[in-house]
file query_36.cif (mmCIF, C-alpha atoms)
data_work
#
loop_
_atom_site.label_atom_id
_atom_site.label_comp_id
_atom_site.auth_asym_id
_atom_site.auth_seq_id
_atom_site.Cartn_x
_atom_site.Cartn_y
_atom_site.Cartn_z
CA MET U 1072 111.07 165.64 212.79
CA SER U 1073 110.82 163.57 209.62
CA ALA U 1074 107.77 161.47 208.79
CA THR U 1075 109.97 158.39 208.83
CA ARG U 1076 110.69 158.93 212.53
CA THR U 1077 107.08 159.63 213.51
CA VAL U 1078 105.58 156.45 212.06
CA GLN U 1079 104.67 153.89 214.73
CA LEU U 1080 105.28 150.20 214.10
CA MET U 1081 102.46 147.90 215.20
CA ASP U 1082 104.15 145.17 217.21
CA GLY U 1083 102.28 141.95 216.53
CA THR U 1084 104.94 139.83 218.20
CA GLY U 1085 104.54 141.47 221.61
CA LEU U 1086 100.75 141.53 221.48
CA ALA U 1087 100.64 137.90 220.34
CA ARG U 1088 102.81 136.92 223.29
CA THR U 1089 100.34 138.55 225.67
CA ILE U 1090 97.40 136.76 224.02
CA VAL U 1091 99.14 133.37 224.20
CA GLU U 1092 100.02 133.92 227.87
CA GLY U 1093 96.36 134.63 228.59
CA ALA U 1094 95.30 131.54 226.64
CA ALA U 1095 97.81 129.41 228.57
CA ALA U 1096 96.48 130.65 231.91
CA ARG U 1097 92.92 129.86 230.90
CA ALA U 1098 93.90 126.45 229.50
CA THR U 1099 95.59 125.59 232.77
CA GLU U 1100 92.45 126.55 234.68
CA ILE U 1101 90.29 124.44 232.37
CA LEU U 1102 92.55 121.45 232.98
CA ARG U 1103 92.42 122.02 236.74
CA ARG U 1104 88.65 122.21 236.82
CA THR U 1105 87.76 119.45 234.36
CA GLY U 1106 90.79 117.20 234.08
CA ALA U 1107 90.71 117.74 230.31
CA GLY U 1108 92.98 120.26 228.64
CA PRO U 1109 92.11 122.01 225.38
CA CYS U 1110 93.08 119.95 222.33
CA LEU U 1111 93.71 121.19 218.78
CA ALA U 1112 93.75 118.65 215.94
CA THR U 1113 95.76 119.57 212.86
CA VAL U 1114 95.14 117.81 209.56
CA LEU U 1115 97.68 117.88 206.74
CA VAL U 1116 97.27 116.31 203.30
CA GLY U 1117 100.60 115.44 201.70
CA GLU U 1118 104.04 116.68 202.68
CA ASP U 1119 104.37 120.15 201.20
CA PRO U 1120 107.50 121.53 202.93
CA ALA U 1121 105.96 124.91 203.79
CA SER U 1122 102.80 123.29 205.17
CA VAL U 1123 104.82 120.80 207.22
CA THR U 1124 106.78 123.71 208.69
CA TYR U 1125 103.62 125.65 209.50
CA VAL U 1126 102.04 122.67 211.24
CA ARG U 1127 105.14 122.02 213.32
CA MET U 1128 105.27 125.68 214.31
CA LYS U 1129 101.62 125.60 215.38
CA GLN U 1130 102.24 122.45 217.41
CA ALA U 1131 105.14 124.16 219.17
CA ARG U 1132 102.98 127.18 219.94
CA CYS U 1133 100.25 124.88 221.29
CA ALA U 1134 102.73 123.52 223.82
CA LYS U 1135 103.54 127.07 224.97
CA ALA U 1136 99.84 127.75 225.44
CA CYS U 1137 99.24 124.54 227.42
CA ILE U 1138 97.14 123.17 224.55
CA GLN U 1139 97.36 119.52 223.58
CA SER U 1140 97.92 118.90 219.88
CA ARG U 1141 96.92 115.93 217.80
CA HIS U 1142 98.33 115.71 214.30
CA ILE U 1143 96.75 113.70 211.49
CA GLY U 1144 98.96 113.34 208.44
CA LEU U 1145 97.21 112.04 205.33
CA PRO U 1146 98.79 110.82 202.06
CA ALA U 1147 98.95 113.24 199.14
CA ALA U 1148 96.59 110.94 197.22
CA THR U 1149 93.84 111.34 199.83
CA THR U 1150 90.49 112.05 198.17
CA THR U 1151 88.03 114.75 199.14
CA SER U 1152 85.67 112.06 200.47
CA GLU U 1153 88.40 110.54 202.64
CA LEU U 1154 89.39 113.96 203.98
CA ILE U 1155 85.77 114.78 204.79
CA ASP U 1156 85.46 111.49 206.69
CA THR U 1157 88.56 112.37 208.74
CA LEU U 1158 87.28 115.85 209.57
CA ALA U 1159 83.81 114.54 210.41
CA GLY U 1160 85.38 112.00 212.76
CA LEU U 1161 87.33 114.73 214.56
CA SER U 1162 84.19 116.86 214.74
CA GLY U 1163 82.48 114.05 216.60
CA ASP U 1164 85.40 113.32 218.94
CA PRO U 1165 84.70 114.84 222.37
CA GLU U 1166 88.42 114.90 223.19
CA VAL U 1167 89.11 117.30 220.30
CA HIS U 1168 88.02 120.91 220.85
CA GLY U 1169 89.40 122.64 217.77
CA ILE U 1170 90.23 121.55 214.22
CA LEU U 1171 92.71 123.09 211.82
CA LEU U 1172 92.87 121.89 208.21
CA GLN U 1173 96.19 123.07 206.82
CA HIS U 1174 95.68 124.46 203.35
CA PRO U 1175 96.18 124.41 200.44
CA CYS U 1176 95.39 120.72 200.33
CA GLY U 1177 96.19 120.13 196.66
CA PRO U 1178 94.30 120.80 193.43
CA HIS U 1179 92.42 117.49 193.57
CA ILE U 1180 90.75 118.39 196.88
CA ASP U 1181 87.49 120.32 197.11
CA GLU U 1182 88.62 122.53 199.98
CA ARG U 1183 85.26 124.17 200.50
CA ALA U 1184 83.59 120.79 200.93
CA ALA U 1185 86.34 119.79 203.35
CA PHE U 1186 86.01 122.97 205.40
CA GLU U 1187 82.27 122.44 205.72
CA ALA U 1188 82.90 119.04 207.35
CA ILE U 1189 84.30 120.87 210.39
CA ALA U 1190 81.71 121.34 213.13
CA PRO U 1191 81.11 125.09 213.70
CA GLU U 1192 81.85 124.79 217.42
CA LYS U 1193 85.30 123.40 216.54
CA ASP U 1194 86.04 125.75 213.64
CA VAL U 1195 88.74 127.63 215.54
CA ASP U 1196 90.35 128.71 212.24
CA GLY U 1197 87.14 130.43 211.14
CA VAL U 1198 86.97 128.85 207.68
CA THR U 1199 83.40 127.55 207.42
CA MET U 1200 80.44 129.32 205.87
CA HIS U 1201 78.81 129.26 209.31
CA SER U 1202 81.74 131.22 210.75
CA PHE U 1203 81.67 133.72 207.89
CA ALA U 1204 77.95 134.29 208.41
CA ALA U 1205 78.50 134.80 212.14
CA MET U 1206 81.21 137.37 211.38
CA SER U 1207 78.97 139.15 208.89
CA PHE U 1208 76.01 139.36 211.26
CA ALA U 1209 78.05 140.03 214.42
CA LEU U 1210 76.82 136.79 215.98
CA PRO U 1211 78.71 134.49 218.36
CA GLY U 1212 81.25 132.28 216.65
CA PHE U 1213 84.88 132.05 215.67
CA VAL U 1214 86.48 134.61 213.39
CA SER U 1215 88.99 133.84 210.67
CA CYS U 1216 92.29 134.00 212.48
CA THR U 1217 94.18 136.55 210.40
CA PRO U 1218 91.24 139.02 210.27
CA GLY U 1219 90.71 138.45 213.99
CA GLY U 1220 94.36 139.21 214.61
CA ILE U 1221 94.14 142.38 212.55
CA MET U 1222 91.18 143.61 214.59
CA ARG U 1223 93.03 142.94 217.84
CA LEU U 1224 96.00 144.90 216.55
CA LEU U 1225 93.78 147.84 215.64
CA ASP U 1226 92.20 147.73 219.09
CA ALA U 1227 95.59 147.54 220.82
CA TYR U 1228 96.67 150.73 219.06
CA ASP U 1229 93.36 152.50 219.75
CA VAL U 1230 92.47 152.92 216.09
CA ASP U 1231 89.02 154.52 215.90
CA LEU U 1232 87.30 152.98 212.88
CA VAL U 1233 83.99 154.84 213.07
CA GLY U 1234 83.41 156.65 209.81
CA LYS U 1235 86.87 155.83 208.49
CA HIS U 1236 87.42 154.70 204.91
CA ALA U 1237 88.98 151.24 205.00
CA VAL U 1238 90.33 149.80 201.76
CA VAL U 1239 90.83 146.03 201.71
CA VAL U 1240 93.03 144.84 198.87
CA GLY U 1241 92.23 141.16 198.52
CA ARG U 1242 89.07 139.04 198.41
CA SER U 1243 89.94 135.60 199.73
CA ALA U 1244 87.28 133.76 201.71
CA ILE U 1245 89.38 133.58 204.86
CA LEU U 1246 91.15 136.96 204.80
CA GLY U 1247 89.98 139.73 202.49
CA LYS U 1248 86.23 139.13 202.64
CA PRO U 1249 85.95 138.50 206.41
CA VAL U 1250 88.22 141.36 207.46
CA GLY U 1251 86.02 143.69 205.44
CA MET U 1252 82.95 142.45 207.29
CA LEU U 1253 84.66 142.90 210.66
CA LEU U 1254 85.65 146.45 209.73
CA LEU U 1255 82.11 147.17 208.56
CA ALA U 1256 80.78 145.96 211.91
CA ARG U 1257 82.95 148.65 213.54
CA ASP U 1258 81.24 151.34 211.42
CA ALA U 1259 84.07 151.79 208.94
CA THR U 1260 83.18 152.46 205.30
CA VAL U 1261 84.71 149.53 203.44
CA THR U 1262 85.92 149.32 199.86
CA TYR U 1263 87.00 145.94 198.52
CA CYS U 1264 89.71 145.92 195.88
CA HIS U 1265 91.72 143.17 194.22
CA SER U 1266 94.36 142.51 191.59
CA ARG U 1267 91.98 143.48 188.77
CA THR U 1268 90.69 146.70 190.31
CA ALA U 1269 90.99 149.59 187.87
CA ASP U 1270 93.29 152.39 189.10
CA LEU U 1271 93.98 150.77 192.44
CA PRO U 1272 96.46 153.49 193.51
CA ALA U 1273 93.76 156.15 193.28
CA ILE U 1274 91.51 154.19 195.64
CA VAL U 1275 94.33 153.48 198.08
CA ARG U 1276 95.14 157.21 198.23
CA GLU U 1277 91.69 157.83 199.75
CA ALA U 1278 92.06 155.20 202.49
CA ASP U 1279 92.33 156.00 206.19
CA VAL U 1280 93.03 152.30 206.77
CA VAL U 1281 94.65 150.00 204.21
CA VAL U 1282 94.60 146.22 204.59
CA ALA U 1283 96.86 144.60 202.00
CA ALA U 1284 95.99 140.93 201.55
CA VAL U 1285 96.34 140.14 197.88
CA GLY U 1286 99.56 138.10 197.81
CA ARG U 1287 101.59 140.32 195.49
CA PRO U 1288 104.93 141.61 196.76
CA ARG U 1289 105.12 145.40 197.21
CA LEU U 1290 101.90 145.96 195.26
CA ILE U 1291 100.98 148.90 197.50
CA ARG U 1292 103.43 151.74 196.97
CA GLY U 1293 104.41 154.26 199.58
CA GLU U 1294 103.53 157.25 197.43
CA ASP U 1295 99.93 156.02 197.31
CA ILE U 1296 99.51 155.97 201.09
CA LYS U 1297 97.45 158.81 202.54
CA PRO U 1298 99.55 160.74 205.08
CA GLY U 1299 98.83 159.41 208.55
CA ALA U 1300 96.96 156.32 207.32
CA VAL U 1301 96.98 152.99 209.16
CA VAL U 1302 98.63 150.33 206.99
CA ILE U 1303 98.07 146.65 207.76
CA ASP U 1304 100.22 144.35 205.63
CA ALA U 1305 98.77 140.85 205.73
CA GLY U 1306 100.82 139.66 202.80
CA TYR U 1307 103.74 137.31 203.08
CA ASN U 1308 105.89 136.62 200.05
CA PRO U 1309 109.28 134.94 199.55
CA GLY U 1310 112.12 136.82 201.16
CA ASN U 1311 110.01 138.18 204.05
CA VAL U 1312 108.38 140.69 201.72
CA GLY U 1313 104.84 141.91 202.28
CA ASP U 1314 102.24 143.30 199.89
CA VAL U 1315 103.25 146.83 200.88
CA ASP U 1316 106.51 148.54 199.93
CA PHE U 1317 107.43 149.02 203.57
CA ASP U 1318 110.41 151.34 203.16
CA THR U 1319 108.44 153.95 201.22
CA ALA U 1320 105.11 153.43 202.99
CA ARG U 1321 106.60 154.10 206.42
CA THR U 1322 107.49 157.64 205.34
CA ARG U 1323 103.77 158.46 205.01
CA ALA U 1324 101.83 156.09 207.30
CA GLY U 1325 100.89 156.91 210.87
CA LEU U 1326 100.79 153.25 211.91
CA ILE U 1327 102.18 150.31 209.95
CA THR U 1328 102.75 146.59 210.50
CA PRO U 1329 106.18 145.18 209.68
CA VAL U 1330 106.71 141.93 207.78
CA PRO U 1331 107.58 139.76 209.61
CA GLY U 1332 106.49 140.61 213.14
CA GLY U 1333 103.15 142.26 212.45
CA VAL U 1334 100.10 140.29 211.36
CA GLY U 1335 101.76 136.85 211.22
CA PRO U 1336 102.22 136.25 214.97
CA MET U 1337 98.68 137.48 215.60
CA THR U 1338 97.19 134.81 213.35
CA ILE U 1339 98.57 131.95 215.41
CA ALA U 1340 97.78 133.71 218.70
CA VAL U 1341 94.11 134.04 217.73
CA LEU U 1342 94.03 130.38 216.68
CA LEU U 1343 95.27 129.33 220.12
CA ALA U 1344 92.96 131.71 221.98
CA GLN U 1345 89.96 130.43 220.02
CA THR U 1346 90.95 126.83 220.69
CA VAL U 1347 90.91 127.52 224.41
CA GLU U 1348 87.58 129.32 224.06
CA ALA U 1349 86.16 126.36 222.14
CA ALA U 1350 87.29 123.99 224.88
CA ALA U 1351 85.72 126.16 227.55
CA ASN U 1352 82.43 126.22 225.63
CA GLN U 1353 82.38 122.47 225.04
CA LEU U 1354 83.34 121.64 228.61
CA GLY U 1355 80.83 124.07 230.10
CA ILE U 1356 83.37 126.34 231.76
#
call {"tool": "encode", "arguments": {"input": "query_36.cif", "output": "structure tokens"}}
result
Amino acid sequence: MSATRTVQLMDGTGLARTIVEGAAARATEILRRTGAGPCLATVLVGEDPASVTYVRMKQARCAKACIQSRHIGLPAATTTSELIDTLAGLSGDPEVHGILLQHPCGPHIDERAAFEAIAPEKDVDGVTMHSFAAMSFALPGFVSCTPGGIMRLLDAYDVDLVGKHAVVVGRSAILGKPVGMLLLARDATVTYCHSRTADLPAIVREADVVVAAVGRPRLIRGEDIKPGAVVIDAGYNPGNVGDVDFDTARTRAGLITPVPGGVGPMTIAVLLAQTVEAAANQLGI
């Protein structure tokens, strides 16, 4: 049997559906017991077409999960101070349980300052420094959604991370860095790489688990995948192309995520599940 036929695709779509169904059941129970359903507030600065599409998609998914959604659209000229005021107001609103700031917000916005205006208990997207610290120290809190989705995928496919060499290609504050910390907490040995890493292919060849999250189409080549390795492609580039050359990588990987249908659906599912969890915490359920 060829290696191409033995590779197993990691179905993020099916797992995400199960997570959302569980979140919907819990949201319904919260509403029954308290009279208040979970509410996610989305904040969008400007009208970037891709961001508008993402927000609408998240609102539609909220409805499927029995989560109320409140959208706040701000003009493109909104200042950092004005955005912070909006986020602080939502943080103090008892009817809002989770807050999502759609990013990027524009080059004139200090996104880090804006993120930090979100109360930790409502940071269901896992973007604040408080959330990153909680992830790093294995303390209670909300994880960054894409890394959280990746970990749930690994668990669903019974990937034993203890002692494994995990190579994370990417160092963003809400994907590369936190997923490395979550892998480290599972006793994996983690190597961080990025677009300027010298001889990246040589490092990837040593990886038992590869997480590609650098935002460069097909940067990871199939010939550099260790036979039997787990390949998580968290990249999404124009044309439904990931950061991994899927067609060649699948001939060597043991497990691999497709693009689309792998990590993407998991990101939104974790966002919804964490919104419901936030509501339960705030309502004392």
call {"tool": "atom_distance", "arguments": {"input": "query_36.cif", "atom1": "CA of Lys1193 in chain U", "atom2": "CA of Thr1346 in chain U"}}
result
7.8 Å
call {"tool": "resolve_selection", "arguments": {"input": "query_36.cif", "expression": "the PyMOL selection byres ((chain U and resi 1163-1172) around 6)", "output": "ChimeraX atom specification"}}
result
/U:1110-1114,1160-1162,1173,1193-1195,1346,1349-1350
call {"tool": "residues_around", "arguments": {"input": "query_36.cif", "residues": "Gly1241 in chain U", "least_positions_apart": "4", "cutoff": "10 Å", "atoms": "only C-alpha atoms", "output": "mmCIF file with C-alpha atoms, in the frame of the given file"}}
result
data_model
loop_
_atom_site.group_PDB
_atom_site.id
_atom_site.type_symbol
_atom_site.label_atom_id
_atom_site.label_comp_id
_atom_site.auth_asym_id
_atom_site.auth_seq_id
_atom_site.Cartn_x
_atom_site.Cartn_y
_atom_site.Cartn_z
ATOM 1 C CA LEU U 1246 91.150 136.960 204.800
ATOM 2 C CA GLY U 1247 89.980 139.730 202.490
ATOM 3 C CA LYS U 1248 86.230 139.130 202.640
ATOM 4 C CA VAL U 1250 88.220 141.360 207.460
ATOM 5 C CA GLY U 1251 86.020 143.690 205.440
ATOM 6 C CA TYR U 1263 87.000 145.940 198.520
ATOM 7 C CA CYS U 1264 89.710 145.920 195.880
ATOM 8 C CA HIS U 1265 91.720 143.170 194.220
ATOM 9 C CA SER U 1266 94.360 142.510 191.590
ATOM 10 C CA VAL U 1282 94.600 146.220 204.590
ATOM 11 C CA ALA U 1283 96.860 144.600 202.000
ATOM 12 C CA ALA U 1284 95.990 140.930 201.550
ATOM 13 C CA VAL U 1285 96.340 140.140 197.880
ATOM 14 C CA GLY U 1286 99.560 138.100 197.810
ATOM 15 C CA ARG U 1287 101.590 140.320 195.490
ATOM 16 C CA ALA U 1305 98.770 140.850 205.730
ATOM 17 C CA GLY U 1306 100.820 139.660 202.800
#
call {"tool": "closest_residue", "arguments": {"input": "query_36.cif", "among": "U:Asn1311, U:Thr1328, U:Ser1215, U:Gln1079", "to": "Ala1340 in chain U", "atoms": "only C-alpha atoms"}}
result
U:Ser1215
call {"tool": "resolve_selection", "arguments": {"input": "query_36.cif", "expression": "the PyMOL selection byres ((chain U and resi 1338) around 12)", "output": "PDB file with C-alpha atoms, in the frame of the given file"}}
result
ATOM      1  CA  GLY U1083     102.280 141.950 216.530  1.00  0.00           C
ATOM      2  CA  THR U1084     104.940 139.830 218.200  1.00  0.00           C
ATOM      3  CA  LEU U1086     100.750 141.530 221.480  1.00  0.00           C
ATOM      4  CA  ALA U1087     100.640 137.900 220.340  1.00  0.00           C
ATOM      5  CA  ARG U1088     102.810 136.920 223.290  1.00  0.00           C
ATOM      6  CA  ILE U1090      97.400 136.760 224.020  1.00  0.00           C
ATOM      7  CA  VAL U1091      99.140 133.370 224.200  1.00  0.00           C
ATOM      8  CA  TYR U1125     103.620 125.650 209.500  1.00  0.00           C
ATOM      9  CA  LYS U1129     101.620 125.600 215.380  1.00  0.00           C
ATOM     10  CA  ARG U1132     102.980 127.180 219.940  1.00  0.00           C
ATOM     11  CA  VAL U1195      88.740 127.630 215.540  1.00  0.00           C
ATOM     12  CA  ASP U1196      90.350 128.710 212.240  1.00  0.00           C
ATOM     13  CA  GLY U1197      87.140 130.430 211.140  1.00  0.00           C
ATOM     14  CA  VAL U1214      86.480 134.610 213.390  1.00  0.00           C
ATOM     15  CA  SER U1215      88.990 133.840 210.670  1.00  0.00           C
ATOM     16  CA  CYS U1216      92.290 134.000 212.480  1.00  0.00           C
ATOM     17  CA  THR U1217      94.180 136.550 210.400  1.00  0.00           C
ATOM     18  CA  PRO U1218      91.240 139.020 210.270  1.00  0.00           C
ATOM     19  CA  GLY U1219      90.710 138.450 213.990  1.00  0.00           C
ATOM     20  CA  GLY U1220      94.360 139.210 214.610  1.00  0.00           C
ATOM     21  CA  ILE U1221      94.140 142.380 212.550  1.00  0.00           C
ATOM     22  CA  MET U1222      91.180 143.610 214.590  1.00  0.00           C
ATOM     23  CA  ARG U1223      93.030 142.940 217.840  1.00  0.00           C
ATOM     24  CA  LEU U1224      96.000 144.900 216.550  1.00  0.00           C
ATOM     25  CA  ILE U1245      89.380 133.580 204.860  1.00  0.00           C
ATOM     26  CA  LEU U1246      91.150 136.960 204.800  1.00  0.00           C
ATOM     27  CA  ALA U1305      98.770 140.850 205.730  1.00  0.00           C
ATOM     28  CA  GLY U1332     106.490 140.610 213.140  1.00  0.00           C
ATOM     29  CA  GLY U1333     103.150 142.260 212.450  1.00  0.00           C
ATOM     30  CA  VAL U1334     100.100 140.290 211.360  1.00  0.00           C
ATOM     31  CA  GLY U1335     101.760 136.850 211.220  1.00  0.00           C
ATOM     32  CA  PRO U1336     102.220 136.250 214.970  1.00  0.00           C
ATOM     33  CA  MET U1337      98.680 137.480 215.600  1.00  0.00           C
ATOM     34  CA  ILE U1339      98.570 131.950 215.410  1.00  0.00           C
ATOM     35  CA  ALA U1340      97.780 133.710 218.700  1.00  0.00           C
ATOM     36  CA  VAL U1341      94.110 134.040 217.730  1.00  0.00           C
ATOM     37  CA  LEU U1342      94.030 130.380 216.680  1.00  0.00           C
ATOM     38  CA  LEU U1343      95.270 129.330 220.120  1.00  0.00           C
ATOM     39  CA  ALA U1344      92.960 131.710 221.980  1.00  0.00           C
ATOM     40  CA  GLN U1345      89.960 130.430 220.020  1.00  0.00           C
TER      41      GLN U1345
END
call {"tool": "closest_residue", "arguments": {"input": "query_36.cif", "among": "U:Gly1293, U:Leu1271, U:Tyr1228, U:Ala1096", "to": "Glu1348 in chain U", "atoms": "only C-alpha atoms"}}
result
U:Ala1096
call {"tool": "residues_around", "arguments": {"input": "query_36.cif", "residues": "Thr1268 in chain U", "least_positions_apart": "5", "cutoff": "12 Å", "atoms": "all atoms listed in the file", "output": "list of chain:residue names"}}
result
U:Val1238, U:Val1239, U:Val1240, U:Gly1241, U:Arg1242, U:Thr1262, U:Tyr1263, U:Ala1273, U:Ile1274, U:Val1275, U:Val1285
call {"tool": "closest_residue", "arguments": {"input": "query_36.cif", "among": "U:Ala1148, U:Met1252, U:Ile1291, U:Met1128", "to": "Asp1318 in chain U", "atoms": "all atoms listed in the file"}}
result
U:Ile1291
call {"tool": "resolve_selection", "arguments": {"input": "query_36.cif", "expression": "the PyMOL selection byres ((chain U and resi 1200) around 10)", "output": "list in words"}}
result
Arg1183, Phe1186, Glu1187, Pro1191, Gly1197, Val1198, Thr1199, His1201, Ser1202, Phe1203, Ala1204, Ala1205, Met1206, Ala1244 and Ile1245 of chain U
call {"tool": "closest_residue", "arguments": {"input": "query_36.cif", "among": "U:Ile1296, U:Arg1097, U:Asn1308, U:Glu1277", "to": "Thr1322 in chain U", "atoms": "all atoms listed in the file"}}
result
U:Ile1296
call {"tool": "closest_residue", "arguments": {"input": "query_36.cif", "among": "U:Val1312, U:Ile1180, U:Ala1237, U:Ala1188", "to": "Thr1149 in chain U", "atoms": "all atoms listed in the file"}}
result
U:Ile1180
call {"tool": "residues_around", "arguments": {"input": "query_36.cif", "residues": "Thr1151 in chain U", "least_positions_apart": "4", "cutoff": "10 Å", "atoms": "all atoms listed in the file", "output": "count of residues only"}}
result
11
call {"tool": "atom_distance", "arguments": {"input": "query_36.cif", "atom1": "CA of Asp1226 in chain U", "atom2": "CA of Cys1133 in chain U"}}
result
24.3 Å
